[in-house]
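A.B. asks: Structure below; questions to follow.
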Amino acid sequence: MLPLLLACAGPDGRSSPPFVAMTFNIGTTTGLSHDEGNDGYTQEMSDHTDEFYENSLSWNPAEEALTAFLAAQSPDVVVFQEMFFDPWCADIPVDPDLDFVCQDYTAKRPLQLQRLLGEGYQVACALDEEDNCAGIKRDFGSISGCDDDVCLGALDGMGPPSGCSNGAKVGTLDIETATRGILTLVNVHASSGIRDEDTACRVDQLRQIFVDRGDGVPAAWGRTNLVMGDINTDPFQMSDLDPSAAEWNSHVGDGRGFDYISSDTEEGEPTYAGLFRIDHVVSDALTGGCMVPGESVGTEPMMEATYWDHRPVICTIE
């Protein structure tokens with residue numbers, strides 16, 4: 001159970017109740033035991049997902065399970081990584097025997113992001129990284145500079161100055177809230193890999209959050225910043241082995257500007273493969289507590305199928 005937090009005063013003096021924030025890498029991987037059990041998702045299907053769908057959320061039963069889970073959690077602010085962007089279906093061959101997301105694709109249907117969250121949310125994605133998206137509950141706030149339901153490109157970002165990756169692996173948007181003023185949201189999906197060039201690029205991407213995204217300002221540019229996502233390194237277990245973990249640790253932790261809202265030690269609930277803590281929620285001004293479904297005491301996974309390699313992190317934030 002998430003901790004109950006007292007309401008606090010917003011910038012205009014009105015009461016600001018706690019809100020729910022969530023980050024979830026919703027993709028899958030071939031490296032799981034997909035053929036174990038009778039859940040319907042097989043290794044053959046996983047290989048198909050890897051070849052044609054880039055391991056993004058593409059199996060309809062998984063999308064349906066996540067839709068139901070999100071309806072129950074009703075997050076005020078949510079970020080996703082490895083989401084499927086429906087226009088990609090135009091270039092993907094459809095196997096009629098597989099219950100995959102492109103089976104019933106039409107250009108007019110709502111995006112997966114909209115299907116997952118339903119009505120009542122304003123949604124945004126990053127340009128050139130359309131699998132990195134965010135949803136803001138209309139009752140909580142609205143995306144600054146966009147009045148539409150879908151704000152493609154509103155997660156503003158760029159590749160790091162080194163040019164080691166393209167697109168907005170780190171994307172930012174400002175949320176205009178009713179009682180909290182402007183909340184700056186940063187969605188992170190750092191590059192994976194353990195080679196020297198991988199860790200060096202991840203250093204550059206994480207530095208974009210806190211130092212300079214490439215235009216002289218950090219991605220966390222606001223007065224109140226909420227940084228969420230998949231940093232693709234464990235800042236606790238990998239602190240002495242991965243330069244990108246060391247880079248993260250130079251900005252996050254006691255006395256370093258940003259503090260953890262998610263687990264802050266290697267004893268916390270793992271979010272990846274049951275072993276590592278690579279999905280995080282941190283802030284320079286907000287506090288709270290989080291749970292990891294399927295890992296936190298008293299919680300269950302979202303579905304029985306062996307599909308996701310990440311767990312969501314769901315936080316009540318003061």
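Identifiers in this document derive from the order of the structure tokens: chains are assigned A, B, ..., residues are numbered from 1 separately in each chain, and ligands are numbered from 1 in order of occurrence.
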Show which residues sit within 9 Å of A:Leu152, as a PyMOL selection string. Count only C-alpha atoms, and ignore same-chain residues fewer than 5 positions away.
C.D. replies: chain A and resi 123-127+130+133
A.B. asks: With only C-alpha atoms as the counted atoms, please give the residues lying no more than 9 Å from A:Trp308, apart from itself and same-chain residues fewer than 4 positions off, as a ChimeraX atom specification.
C.D. replies: /A:25-29,32,57,62,273
A.B. asks: Once you count only C-alpha atoms, what closest atom pair and distance in Å to one decimal does each residue of stretch 215-246 of chain A within 12 Å of stretch 251-256 of chain A have, with rows by chain and rising residue number, as a Markdown table?
C.D. replies:
```
| residue | atom | partner | partner_atom | distance |
| --- | --- | --- | --- | --- |
| A:Ala220 | CA | A:His251 | CA | 11.6 |
| A:Val227 | CA | A:Val252 | CA | 10.6 |
| A:Pro235 | CA | A:Val252 | CA | 9.4 |
| A:Phe236 | CA | A:Gly253 | CA | 11.0 |
| A:Ser244 | CA | A:His251 | CA | 11.3 |
| A:Ala245 | CA | A:Val252 | CA | 10.3 |
| A:Ala246 | CA | A:His251 | CA | 9.0 |
```
A.B. asks: What are the closest atom pairs, with distances in Å to one decimal, for each residue of stretch 202-276 of chain A lying within 9 Å of stretch 290-295 of chain A, using only C-alpha atoms, rows by chain and rising residue number, as a Markdown table?
C.D. replies:
```
| residue | atom | partner | partner_atom | distance |
| --- | --- | --- | --- | --- |
| A:Ile261 | CA | A:Cys290 | CA | 6.8 |
| A:Ser262 | CA | A:Cys290 | CA | 5.5 |
| A:Ser263 | CA | A:Cys290 | CA | 7.5 |
| A:Glu269 | CA | A:Glu295 | CA | 5.9 |
| A:Pro270 | CA | A:Glu295 | CA | 7.0 |
| A:Thr271 | CA | A:Val292 | CA | 7.0 |
| A:Gly274 | CA | A:Glu295 | CA | 8.0 |
```
A.B. asks: Dump all heavy atoms for the selected residues as a short mmCIF file (atom, residue, chain, number, x, y, z; two decimals), in the first residue's frame?
C.D. replies:
```cif
data_model
loop_
_atom_site.label_atom_id
_atom_site.label_comp_id
_atom_site.auth_asym_id
_atom_site.auth_seq_id
_atom_site.Cartn_x
_atom_site.Cartn_y
_atom_site.Cartn_z
N ILE A 261 12.45 9.43 -5.02
CA ILE A 261 11.11 9.09 -4.54
C ILE A 261 10.95 7.57 -4.65
O ILE A 261 10.35 6.94 -3.79
CB ILE A 261 10.03 9.84 -5.34
CG1 ILE A 261 10.23 11.36 -5.19
CG2 ILE A 261 8.63 9.43 -4.90
CD1 ILE A 261 9.32 12.19 -6.05
N SER A 262 11.51 6.98 -5.70
CA SER A 262 11.59 5.52 -5.83
C SER A 262 12.66 5.00 -4.88
O SER A 262 13.29 5.76 -4.15
CB SER A 262 11.90 5.14 -7.28
OG SER A 262 13.06 5.82 -7.73
N SER A 263 12.88 3.68 -4.91
CA SER A 263 13.85 3.05 -4.00
C SER A 263 15.22 3.71 -4.12
O SER A 263 15.71 3.95 -5.23
CB SER A 263 13.96 1.56 -4.30
OG SER A 263 12.74 0.91 -4.03
N GLU A 269 12.92 -2.58 -4.03
CA GLU A 269 12.32 -3.52 -4.97
C GLU A 269 12.94 -3.40 -6.35
O GLU A 269 13.06 -2.31 -6.90
CB GLU A 269 10.81 -3.28 -5.07
CG GLU A 269 10.04 -3.51 -3.79
CD GLU A 269 9.87 -2.24 -2.99
OE1 GLU A 269 10.66 -1.29 -3.21
OE2 GLU A 269 8.97 -2.20 -2.15
N PRO A 270 13.33 -4.54 -6.96
CA PRO A 270 13.87 -4.49 -8.32
C PRO A 270 12.79 -4.15 -9.32
O PRO A 270 11.62 -4.46 -9.13
CB PRO A 270 14.41 -5.90 -8.54
CG PRO A 270 13.61 -6.76 -7.61
CD PRO A 270 13.32 -5.90 -6.41
N THR A 271 13.17 -3.48 -10.39
CA THR A 271 12.21 -3.11 -11.44
C THR A 271 12.51 -3.79 -12.76
O THR A 271 11.71 -3.70 -13.69
CB THR A 271 12.23 -1.59 -11.67
OG1 THR A 271 13.51 -1.20 -12.20
CG2 THR A 271 11.97 -0.83 -10.37
N GLY A 274 13.77 -8.84 -12.17
CA GLY A 274 13.78 -9.31 -10.79
C GLY A 274 15.08 -9.09 -10.06
O GLY A 274 15.26 -9.57 -8.94
#
```
A.B. asks: If you count only C-alpha atoms, which residues fall within 12 Å of A:Ser250, apart from same-chain ones fewer than 6 positions away, as a list of chain:residue names?
C.D. replies: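 Answer for this query is A:Val203, A:Leu206, A:Arg207, A:Phe210, A:Val211, A:Pro235, A:Ser239, A:Pro243, A:Ser244, A:Arg256, A:Gly257, A:Phe258, A:Asp259.
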A.B. asks: For the selection you just gave me, I'd like the residues written to a file as a short mmCIF file (atom, residue, chain, number, x, y, z; two decimals), in the first residue's frame, keeping all heavy atoms.
C.D. replies:
```cif
data_model
loop_
_atom_site.label_atom_id
_atom_site.label_comp_id
_atom_site.auth_asym_id
_atom_site.auth_seq_id
_atom_site.Cartn_x
_atom_site.Cartn_y
_atom_site.Cartn_z
N VAL A 203 26.15 8.18 -20.36
CA VAL A 203 26.64 9.31 -19.58
C VAL A 203 26.16 10.62 -20.19
O VAL A 203 25.64 11.51 -19.50
CB VAL A 203 28.18 9.30 -19.49
CG1 VAL A 203 28.70 10.64 -18.97
CG2 VAL A 203 28.67 8.17 -18.60
N LEU A 206 22.32 11.07 -19.66
CA LEU A 206 21.95 11.41 -18.29
C LEU A 206 22.42 12.82 -17.93
O LEU A 206 21.75 13.52 -17.16
CB LEU A 206 22.53 10.38 -17.32
CG LEU A 206 21.99 8.95 -17.50
CD1 LEU A 206 22.62 8.01 -16.48
CD2 LEU A 206 20.48 8.90 -17.42
N ARG A 207 23.54 13.23 -18.48
CA ARG A 207 24.01 14.60 -18.24
C ARG A 207 23.04 15.62 -18.85
O ARG A 207 22.92 16.74 -18.35
CB ARG A 207 25.41 14.77 -18.83
CG ARG A 207 26.11 16.06 -18.44
CD ARG A 207 27.56 16.02 -18.86
NE ARG A 207 28.31 15.02 -18.10
CZ ARG A 207 29.47 14.49 -18.51
NH1 ARG A 207 29.99 14.85 -19.66
NH2 ARG A 207 30.08 13.60 -17.75
N PHE A 210 20.44 16.89 -16.19
CA PHE A 210 20.81 17.74 -15.06
C PHE A 210 21.73 18.90 -15.41
O PHE A 210 21.82 19.85 -14.63
CB PHE A 210 21.49 16.88 -13.99
CG PHE A 210 20.69 15.68 -13.57
CD1 PHE A 210 21.07 14.40 -13.96
CD2 PHE A 210 19.56 15.83 -12.79
CE1 PHE A 210 20.35 13.29 -13.57
CE2 PHE A 210 18.81 14.72 -12.39
CZ PHE A 210 19.21 13.44 -12.79
N VAL A 211 22.44 18.83 -16.55
CA VAL A 211 23.47 19.83 -16.84
C VAL A 211 23.14 20.63 -18.10
O VAL A 211 22.93 21.84 -18.05
CB VAL A 211 24.86 19.16 -16.99
CG1 VAL A 211 25.92 20.22 -17.29
CG2 VAL A 211 25.21 18.37 -15.74
N PRO A 235 22.02 2.34 -10.37
CA PRO A 235 22.94 3.27 -9.71
C PRO A 235 23.53 2.74 -8.42
O PRO A 235 24.47 3.35 -7.89
CB PRO A 235 22.08 4.51 -9.45
CG PRO A 235 20.69 4.01 -9.43
CD PRO A 235 20.64 2.85 -10.37
N SER A 239 27.50 1.18 -9.45
CA SER A 239 28.11 2.48 -9.17
C SER A 239 29.61 2.49 -9.42
O SER A 239 30.18 3.53 -9.81
CB SER A 239 27.82 2.90 -7.73
OG SER A 239 28.33 1.94 -6.81
N PRO A 243 30.27 3.98 -15.78
CA PRO A 243 30.41 5.44 -15.68
C PRO A 243 29.08 6.18 -15.70
O PRO A 243 28.96 7.26 -15.12
CB PRO A 243 31.28 5.81 -16.89
CG PRO A 243 32.02 4.55 -17.23
CD PRO A 243 31.09 3.43 -16.89
N SER A 244 28.07 5.59 -16.37
CA SER A 244 26.78 6.27 -16.41
C SER A 244 26.08 6.20 -15.06
O SER A 244 25.34 7.12 -14.68
CB SER A 244 25.89 5.69 -17.51
OG SER A 244 25.50 4.36 -17.24
N ARG A 256 22.58 16.24 -3.27
CA ARG A 256 23.07 16.36 -4.65
C ARG A 256 22.08 17.05 -5.58
O ARG A 256 22.23 16.97 -6.80
CB ARG A 256 23.43 14.98 -5.19
CG ARG A 256 24.60 14.36 -4.43
CD ARG A 256 24.80 12.93 -4.82
NE ARG A 256 25.80 12.30 -3.95
CZ ARG A 256 25.89 10.99 -3.75
NH1 ARG A 256 25.06 10.18 -4.38
NH2 ARG A 256 26.81 10.51 -2.95
N GLY A 257 21.07 17.68 -5.04
CA GLY A 257 20.14 18.42 -5.87
C GLY A 257 18.84 17.69 -6.13
O GLY A 257 17.77 18.29 -6.08
N PHE A 258 18.92 16.40 -6.46
CA PHE A 258 17.74 15.58 -6.70
C PHE A 258 17.76 14.40 -5.73
O PHE A 258 18.82 13.83 -5.47
CB PHE A 258 17.72 15.06 -8.15
CG PHE A 258 17.29 16.08 -9.15
CD1 PHE A 258 18.16 17.11 -9.53
CD2 PHE A 258 16.04 16.05 -9.72
CE1 PHE A 258 17.77 18.07 -10.45
CE2 PHE A 258 15.63 17.00 -10.64
CZ PHE A 258 16.50 18.02 -11.00
N ASP A 259 16.58 14.06 -5.22
CA ASP A 259 16.44 12.96 -4.28
C ASP A 259 15.50 11.90 -4.85
O ASP A 259 14.62 12.20 -5.66
CB ASP A 259 15.90 13.44 -2.93
CG ASP A 259 16.94 14.20 -2.13
OD1 ASP A 259 18.10 13.78 -2.14
OD2 ASP A 259 16.58 15.22 -1.51
#
```
A.B. asks: Rank nothing, just name the residue among A:Ser296, A:Glu267, A:Trp248, A:Ala90 nearest to A:His280, using only C-alpha atoms.
C.D. replies: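 The shortest atom-to-atom distance to A:His280 comes from A:Trp248.
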A.B. asks: Near stretch 198-201 of chain A, within 9 Å and counting only C-alpha atoms, which residues show up once chain neighbours fewer than 4 positions away are dropped, as a compact mmCIF listing (two decimals) with N, CA and C atoms, in the first residue's frame?
C.D. replies:
```
# COMPACT_ATOMS: atom_id res chain seq x y z
N PRO A 160 22.11 14.10 -27.60
CA PRO A 160 23.16 14.75 -26.81
C PRO A 160 24.18 15.45 -27.70
N SER A 162 27.24 15.14 -28.09
CA SER A 162 28.22 14.25 -28.69
C SER A 162 27.72 13.59 -29.97
N GLY A 163 26.39 13.60 -30.18
CA GLY A 163 25.83 12.96 -31.36
C GLY A 163 25.79 11.45 -31.28
N CYS A 164 25.96 10.88 -30.08
CA CYS A 164 26.01 9.43 -29.95
C CYS A 164 24.66 8.77 -30.13
N SER A 165 23.56 9.54 -30.01
CA SER A 165 22.22 9.03 -30.27
C SER A 165 21.37 10.14 -30.84
N ALA A 190 17.19 6.04 -21.39
CA ALA A 190 18.60 6.03 -21.78
C ALA A 190 18.92 4.79 -22.59
N SER A 191 19.95 4.87 -23.40
CA SER A 191 20.36 3.75 -24.24
C SER A 191 20.85 2.59 -23.38
N SER A 192 20.64 1.38 -23.89
CA SER A 192 21.10 0.18 -23.18
C SER A 192 22.47 -0.24 -23.68
N GLY A 193 23.05 -1.24 -23.02
CA GLY A 193 24.34 -1.78 -23.46
C GLY A 193 25.43 -1.61 -22.42
N ILE A 194 26.44 -2.47 -22.51
CA ILE A 194 27.53 -2.44 -21.54
C ILE A 194 28.90 -2.19 -22.18
N GLN A 205 23.63 11.16 -22.18
CA GLN A 205 22.18 11.30 -22.08
C GLN A 205 21.75 11.70 -20.67
N LEU A 206 22.32 11.07 -19.66
CA LEU A 206 21.95 11.41 -18.29
C LEU A 206 22.42 12.82 -17.93
N THR A 233 20.65 1.67 -16.19
CA THR A 233 21.76 1.28 -15.34
C THR A 233 21.26 1.25 -13.90
N ASP A 242 30.00 1.14 -13.90
CA ASP A 242 29.40 1.80 -15.06
C ASP A 242 29.54 3.31 -14.90
N PRO A 243 30.27 3.98 -15.78
CA PRO A 243 30.41 5.44 -15.68
C PRO A 243 29.08 6.18 -15.70
N SER A 244 28.07 5.59 -16.37
CA SER A 244 26.78 6.27 -16.41
C SER A 244 26.08 6.20 -15.06
N ALA A 245 26.29 5.12 -14.31
CA ALA A 245 25.76 5.05 -12.94
C ALA A 245 26.43 6.10 -12.07
```
A.B. asks: Counting only C-alpha atoms, give me one row per residue of stretch 163-234 of chain A with an atom at most 12 Å from an atom of stretch 136-142 of chain A, showing the shortest contact pair and its distance in Å to one decimal, sorted by chain then residue number, as JSON lines.
C.D. replies:
```
{"residue": "A:Leu173", "atom": "CA", "partner": "A:Ser142", "partner_atom": "CA", "distance": 10.1}
{"residue": "A:Asp174", "atom": "CA", "partner": "A:Ser142", "partner_atom": "CA", "distance": 8.4}
{"residue": "A:Ile175", "atom": "CA", "partner": "A:Ser142", "partner_atom": "CA", "distance": 5.5}
{"residue": "A:Glu176", "atom": "CA", "partner": "A:Ser142", "partner_atom": "CA", "distance": 5.3}
{"residue": "A:Thr177", "atom": "CA", "partner": "A:Gly141", "partner_atom": "CA", "distance": 4.2}
{"residue": "A:Ala178", "atom": "CA", "partner": "A:Gly141", "partner_atom": "CA", "distance": 6.3}
{"residue": "A:Thr179", "atom": "CA", "partner": "A:Phe140", "partner_atom": "CA", "distance": 9.0}
{"residue": "A:Arg180", "atom": "CA", "partner": "A:Gly141", "partner_atom": "CA", "distance": 9.4}
{"residue": "A:Gly181", "atom": "CA", "partner": "A:Gly141", "partner_atom": "CA", "distance": 9.5}
{"residue": "A:Ile182", "atom": "CA", "partner": "A:Gly141", "partner_atom": "CA", "distance": 9.2}
{"residue": "A:Leu183", "atom": "CA", "partner": "A:Gly141", "partner_atom": "CA", "distance": 9.2}
{"residue": "A:Thr184", "atom": "CA", "partner": "A:Ser142", "partner_atom": "CA", "distance": 11.5}
{"residue": "A:Leu185", "atom": "CA", "partner": "A:Ile136", "partner_atom": "CA", "distance": 10.1}
```
A.B. asks: Could you write out the selected residues, including all heavy atoms, as a compact mmCIF listing (two decimals), in the first residue's frame?
C.D. replies:
```
# COMPACT_ATOMS: atom_id res chain seq x y z
N LEU A 173 8.37 18.25 -20.78
CA LEU A 173 7.20 19.10 -20.99
C LEU A 173 6.83 19.75 -19.67
O LEU A 173 7.13 19.23 -18.59
CB LEU A 173 6.02 18.32 -21.57
CG LEU A 173 5.45 17.11 -20.83
CD1 LEU A 173 4.51 17.51 -19.70
CD2 LEU A 173 4.70 16.22 -21.81
N ASP A 174 6.20 20.91 -19.76
CA ASP A 174 5.71 21.62 -18.58
C ASP A 174 4.22 21.35 -18.43
O ASP A 174 3.45 21.42 -19.39
CB ASP A 174 5.95 23.13 -18.72
CG ASP A 174 7.40 23.51 -18.52
OD1 ASP A 174 8.10 22.82 -17.76
OD2 ASP A 174 7.85 24.50 -19.14
N ILE A 175 3.82 21.04 -17.20
CA ILE A 175 2.43 20.79 -16.88
C ILE A 175 1.89 21.98 -16.09
O ILE A 175 2.44 22.35 -15.06
CB ILE A 175 2.27 19.51 -16.03
CG1 ILE A 175 2.91 18.31 -16.73
CG2 ILE A 175 0.79 19.23 -15.74
CD1 ILE A 175 3.02 17.08 -15.85
N GLU A 176 0.83 22.57 -16.59
CA GLU A 176 0.17 23.66 -15.88
C GLU A 176 -0.88 23.05 -14.96
O GLU A 176 -1.88 22.52 -15.42
CB GLU A 176 -0.47 24.63 -16.87
CG GLU A 176 0.54 25.30 -17.80
CD GLU A 176 -0.12 26.22 -18.81
OE1 GLU A 176 -1.35 26.42 -18.72
OE2 GLU A 176 0.58 26.74 -19.69
N THR A 177 -0.63 23.09 -13.66
CA THR A 177 -1.54 22.49 -12.70
C THR A 177 -2.42 23.55 -12.05
O THR A 177 -2.08 24.74 -12.05
CB THR A 177 -0.77 21.73 -11.61
OG1 THR A 177 -0.12 22.67 -10.75
CG2 THR A 177 0.26 20.78 -12.21
N ALA A 178 -3.52 23.08 -11.46
CA ALA A 178 -4.48 24.02 -10.87
C ALA A 178 -3.95 24.64 -9.58
O ALA A 178 -4.20 25.82 -9.31
CB ALA A 178 -5.80 23.30 -10.60
N THR A 179 -3.23 23.86 -8.75
CA THR A 179 -2.84 24.36 -7.43
C THR A 179 -1.34 24.30 -7.17
O THR A 179 -0.89 24.80 -6.14
CB THR A 179 -3.55 23.55 -6.33
OG1 THR A 179 -3.18 22.17 -6.45
CG2 THR A 179 -5.06 23.68 -6.45
N ARG A 180 -0.58 23.72 -8.09
CA ARG A 180 0.85 23.55 -7.85
C ARG A 180 1.72 24.44 -8.74
O ARG A 180 2.93 24.35 -8.69
CB ARG A 180 1.26 22.09 -8.09
CG ARG A 180 0.64 21.12 -7.11
CD ARG A 180 0.98 19.68 -7.45
NE ARG A 180 0.47 18.76 -6.45
CZ ARG A 180 1.10 18.40 -5.35
NH1 ARG A 180 2.30 18.88 -5.11
NH2 ARG A 180 0.57 17.57 -4.49
N GLY A 181 1.10 25.27 -9.58
CA GLY A 181 1.89 26.03 -10.53
C GLY A 181 2.39 25.13 -11.64
O GLY A 181 1.76 24.13 -12.01
N ILE A 182 3.55 25.43 -12.19
CA ILE A 182 4.13 24.65 -13.28
C ILE A 182 4.96 23.50 -12.72
O ILE A 182 5.85 23.70 -11.89
CB ILE A 182 5.02 25.53 -14.18
CG1 ILE A 182 4.20 26.66 -14.81
CG2 ILE A 182 5.67 24.68 -15.28
CD1 ILE A 182 3.13 26.21 -15.78
N LEU A 183 4.66 22.30 -13.18
CA LEU A 183 5.45 21.11 -12.85
C LEU A 183 6.16 20.67 -14.12
O LEU A 183 5.51 20.41 -15.14
CB LEU A 183 4.55 19.99 -12.33
CG LEU A 183 5.20 18.62 -12.12
CD1 LEU A 183 6.29 18.70 -11.05
CD2 LEU A 183 4.15 17.58 -11.74
N THR A 184 7.48 20.61 -14.07
CA THR A 184 8.27 20.18 -15.23
C THR A 184 8.50 18.68 -15.16
O THR A 184 9.06 18.18 -14.18
CB THR A 184 9.61 20.93 -15.28
OG1 THR A 184 9.35 22.34 -15.43
CG2 THR A 184 10.45 20.46 -16.45
N LEU A 185 8.06 17.98 -16.20
CA LEU A 185 8.15 16.52 -16.28
C LEU A 185 9.23 16.13 -17.29
O LEU A 185 9.24 16.62 -18.42
CB LEU A 185 6.81 15.93 -16.71
CG LEU A 185 6.76 14.42 -16.96
CD1 LEU A 185 6.98 13.65 -15.65
CD2 LEU A 185 5.43 14.04 -17.60
```
A.B. asks: Quick check for you: according to DSSP on this backbone, which residues of stretch 85-136 of chain A are classed as helix (DSSP H, G or I)? Reply as a PDB file with N, CA, C and O atoms, in the first residue's frame.
C.D. replies:
```pdb
ATOM      1  N   ASP A  86       1.244   3.572 -33.502  1.00  0.00           N
ATOM      2  CA  ASP A  86       0.417   2.879 -34.492  1.00  0.00           C
ATOM      3  C   ASP A  86       0.760   3.154 -35.956  1.00  0.00           C
ATOM      4  O   ASP A  86       0.666   2.223 -36.772  1.00  0.00           O
ATOM      5  N   PRO A  87       1.153   4.354 -36.366  1.00  0.00           N
ATOM      6  CA  PRO A  87       1.507   4.549 -37.773  1.00  0.00           C
ATOM      7  C   PRO A  87       2.624   3.642 -38.270  1.00  0.00           C
ATOM      8  O   PRO A  87       2.778   3.456 -39.488  1.00  0.00           O
ATOM      9  N   TRP A  88       3.403   3.058 -37.361  1.00  0.00           N
ATOM     10  CA  TRP A  88       4.418   2.095 -37.801  1.00  0.00           C
ATOM     11  C   TRP A  88       3.794   0.894 -38.491  1.00  0.00           C
ATOM     12  O   TRP A  88       4.459   0.187 -39.255  1.00  0.00           O
ATOM     13  N   CYS A  89       2.512   0.623 -38.232  1.00  0.00           N
ATOM     14  CA  CYS A  89       1.844  -0.533 -38.832  1.00  0.00           C
ATOM     15  C   CYS A  89       1.876  -0.494 -40.360  1.00  0.00           C
ATOM     16  O   CYS A  89       1.808  -1.547 -41.007  1.00  0.00           O
ATOM     17  N   ALA A  90       1.949   0.696 -40.940  1.00  0.00           N
ATOM     18  CA  ALA A  90       1.950   0.815 -42.401  1.00  0.00           C
ATOM     19  C   ALA A  90       3.120   0.077 -43.037  1.00  0.00           C
ATOM     20  O   ALA A  90       3.054  -0.315 -44.209  1.00  0.00           O
ATOM     21  N   ASP A  91       4.183  -0.167 -42.279  1.00  0.00           N
ATOM     22  CA  ASP A  91       5.379  -0.819 -42.819  1.00  0.00           C
ATOM     23  C   ASP A  91       5.618  -2.209 -42.222  1.00  0.00           C
ATOM     24  O   ASP A  91       6.689  -2.779 -42.407  1.00  0.00           O
ATOM     25  N   GLN A 112      -2.156   3.862 -29.524  1.00  0.00           N
ATOM     26  CA  GLN A 112      -2.073   2.964 -28.384  1.00  0.00           C
ATOM     27  C   GLN A 112      -2.071   3.752 -27.071  1.00  0.00           C
ATOM     28  O   GLN A 112      -2.699   3.355 -26.087  1.00  0.00           O
ATOM     29  N   LEU A 113      -1.373   4.870 -27.056  1.00  0.00           N
ATOM     30  CA  LEU A 113      -1.306   5.714 -25.866  1.00  0.00           C
ATOM     31  C   LEU A 113      -2.696   6.139 -25.415  1.00  0.00           C
ATOM     32  O   LEU A 113      -3.015   6.137 -24.216  1.00  0.00           O
ATOM     33  N   GLN A 114      -3.550   6.490 -26.372  1.00  0.00           N
ATOM     34  CA  GLN A 114      -4.919   6.887 -26.046  1.00  0.00           C
ATOM     35  C   GLN A 114      -5.750   5.686 -25.604  1.00  0.00           C
ATOM     36  O   GLN A 114      -6.572   5.796 -24.690  1.00  0.00           O
ATOM     37  N   ARG A 115      -5.547   4.550 -26.247  1.00  0.00           N
ATOM     38  CA  ARG A 115      -6.305   3.353 -25.871  1.00  0.00           C
ATOM     39  C   ARG A 115      -5.964   2.924 -24.443  1.00  0.00           C
ATOM     40  O   ARG A 115      -6.833   2.490 -23.687  1.00  0.00           O
ATOM     41  N   LEU A 116      -4.697   3.030 -24.084  1.00  0.00           N
ATOM     42  CA  LEU A 116      -4.270   2.623 -22.753  1.00  0.00           C
ATOM     43  C   LEU A 116      -4.873   3.505 -21.668  1.00  0.00           C
ATOM     44  O   LEU A 116      -5.312   3.010 -20.621  1.00  0.00           O
ATOM     45  N   LEU A 117      -4.896   4.803 -21.893  1.00  0.00           N
ATOM     46  CA  LEU A 117      -5.297   5.740 -20.851  1.00  0.00           C
ATOM     47  C   LEU A 117      -6.770   6.110 -20.896  1.00  0.00           C
ATOM     48  O   LEU A 117      -7.347   6.475 -19.876  1.00  0.00           O
TER      49      LEU A 117
END
```
A.B. asks: Suppose you want the space between atom CA of A:Asp309 and atom CA of A:Asn232; what is it in Å?
C.D. replies: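 Interatomic distance here is 12.4 Å.
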A.B. asks: Under the rule that only C-alpha atoms are counted, which of A:Pro301, A:Gly37, A:Pro17, A:Gly120 is the nearest residue to A:Phe69?
C.D. replies: A:Pro301
A.B. asks: As an exercise, work out the distance from atom CA of A:Val186 to atom CA of A:Gly167 in Å and give it to one decimal place.
C.D. replies: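 Atom CA of A:Gly167 lies 14.4 Å from atom CA of A:Val186.
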A.B. asks: List the neighbours of A:Pro312 out to 7 Å using only C-alpha atoms; skip same-chain residues closer than 2 positions along the sequence, and give me the result as a list in words.
C.D. replies: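 Answer for this query is Met22, Thr23, Phe24, Val292, Pro293, His310 and Ile314 of chain A.
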A.B. asks: Dump N, CA, C and O atoms for the selected residues as a PDB file, in the first residue's frame?
C.D. replies:
```
ATOM      1  N   MET A  22       3.531   7.648 -12.324  1.00  0.00           N
ATOM      2  CA  MET A  22       3.904   6.287 -12.704  1.00  0.00           C
ATOM      3  C   MET A  22       4.867   6.326 -13.879  1.00  0.00           C
ATOM      4  O   MET A  22       4.733   7.134 -14.804  1.00  0.00           O
ATOM      5  N   THR A  23       5.880   5.441 -13.852  1.00  0.00           N
ATOM      6  CA  THR A  23       6.736   5.210 -15.005  1.00  0.00           C
ATOM      7  C   THR A  23       6.748   3.717 -15.303  1.00  0.00           C
ATOM      8  O   THR A  23       6.746   2.890 -14.393  1.00  0.00           O
ATOM      9  N   PHE A  24       6.752   3.382 -16.600  1.00  0.00           N
ATOM     10  CA  PHE A  24       6.718   1.972 -16.982  1.00  0.00           C
ATOM     11  C   PHE A  24       7.308   1.812 -18.383  1.00  0.00           C
ATOM     12  O   PHE A  24       6.829   2.415 -19.341  1.00  0.00           O
ATOM     13  N   VAL A 292       6.196  -1.227  -6.366  1.00  0.00           N
ATOM     14  CA  VAL A 292       6.510  -1.912  -7.617  1.00  0.00           C
ATOM     15  C   VAL A 292       5.622  -3.155  -7.678  1.00  0.00           C
ATOM     16  O   VAL A 292       5.879  -4.128  -6.965  1.00  0.00           O
ATOM     17  N   PRO A 293       4.543  -3.133  -8.474  1.00  0.00           N
ATOM     18  CA  PRO A 293       3.629  -4.273  -8.518  1.00  0.00           C
ATOM     19  C   PRO A 293       4.351  -5.574  -8.865  1.00  0.00           C
ATOM     20  O   PRO A 293       5.151  -5.630  -9.799  1.00  0.00           O
ATOM     21  N   HIS A 310      10.255  -5.368 -17.522  1.00  0.00           N
ATOM     22  CA  HIS A 310      10.256  -4.313 -16.507  1.00  0.00           C
ATOM     23  C   HIS A 310       9.004  -4.401 -15.659  1.00  0.00           C
ATOM     24  O   HIS A 310       7.985  -4.960 -16.076  1.00  0.00           O
ATOM     25  N   ILE A 314       5.056   2.985  -9.246  1.00  0.00           N
ATOM     26  CA  ILE A 314       3.885   3.827  -9.014  1.00  0.00           C
ATOM     27  C   ILE A 314       4.080   4.549  -7.677  1.00  0.00           C
ATOM     28  O   ILE A 314       4.304   3.913  -6.657  1.00  0.00           O
TER      29      ILE A 314
END
```
A.B. asks: If you run DSSP on this backbone, which residues of stretch 55-216 of chain A come out as strand (DSSP E or B), and could you give them as a ChimeraX atom specification?
C.D. replies: /A:59,77-81,100,121-126,129-137,141-143,150-152,156,170-177,182-189
A.B. asks: What gap, in Å, lies between atom CA of A:Leu241 and atom CA of A:Phe80?
C.D. replies: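 Interatomic distance here is 27.3 Å.
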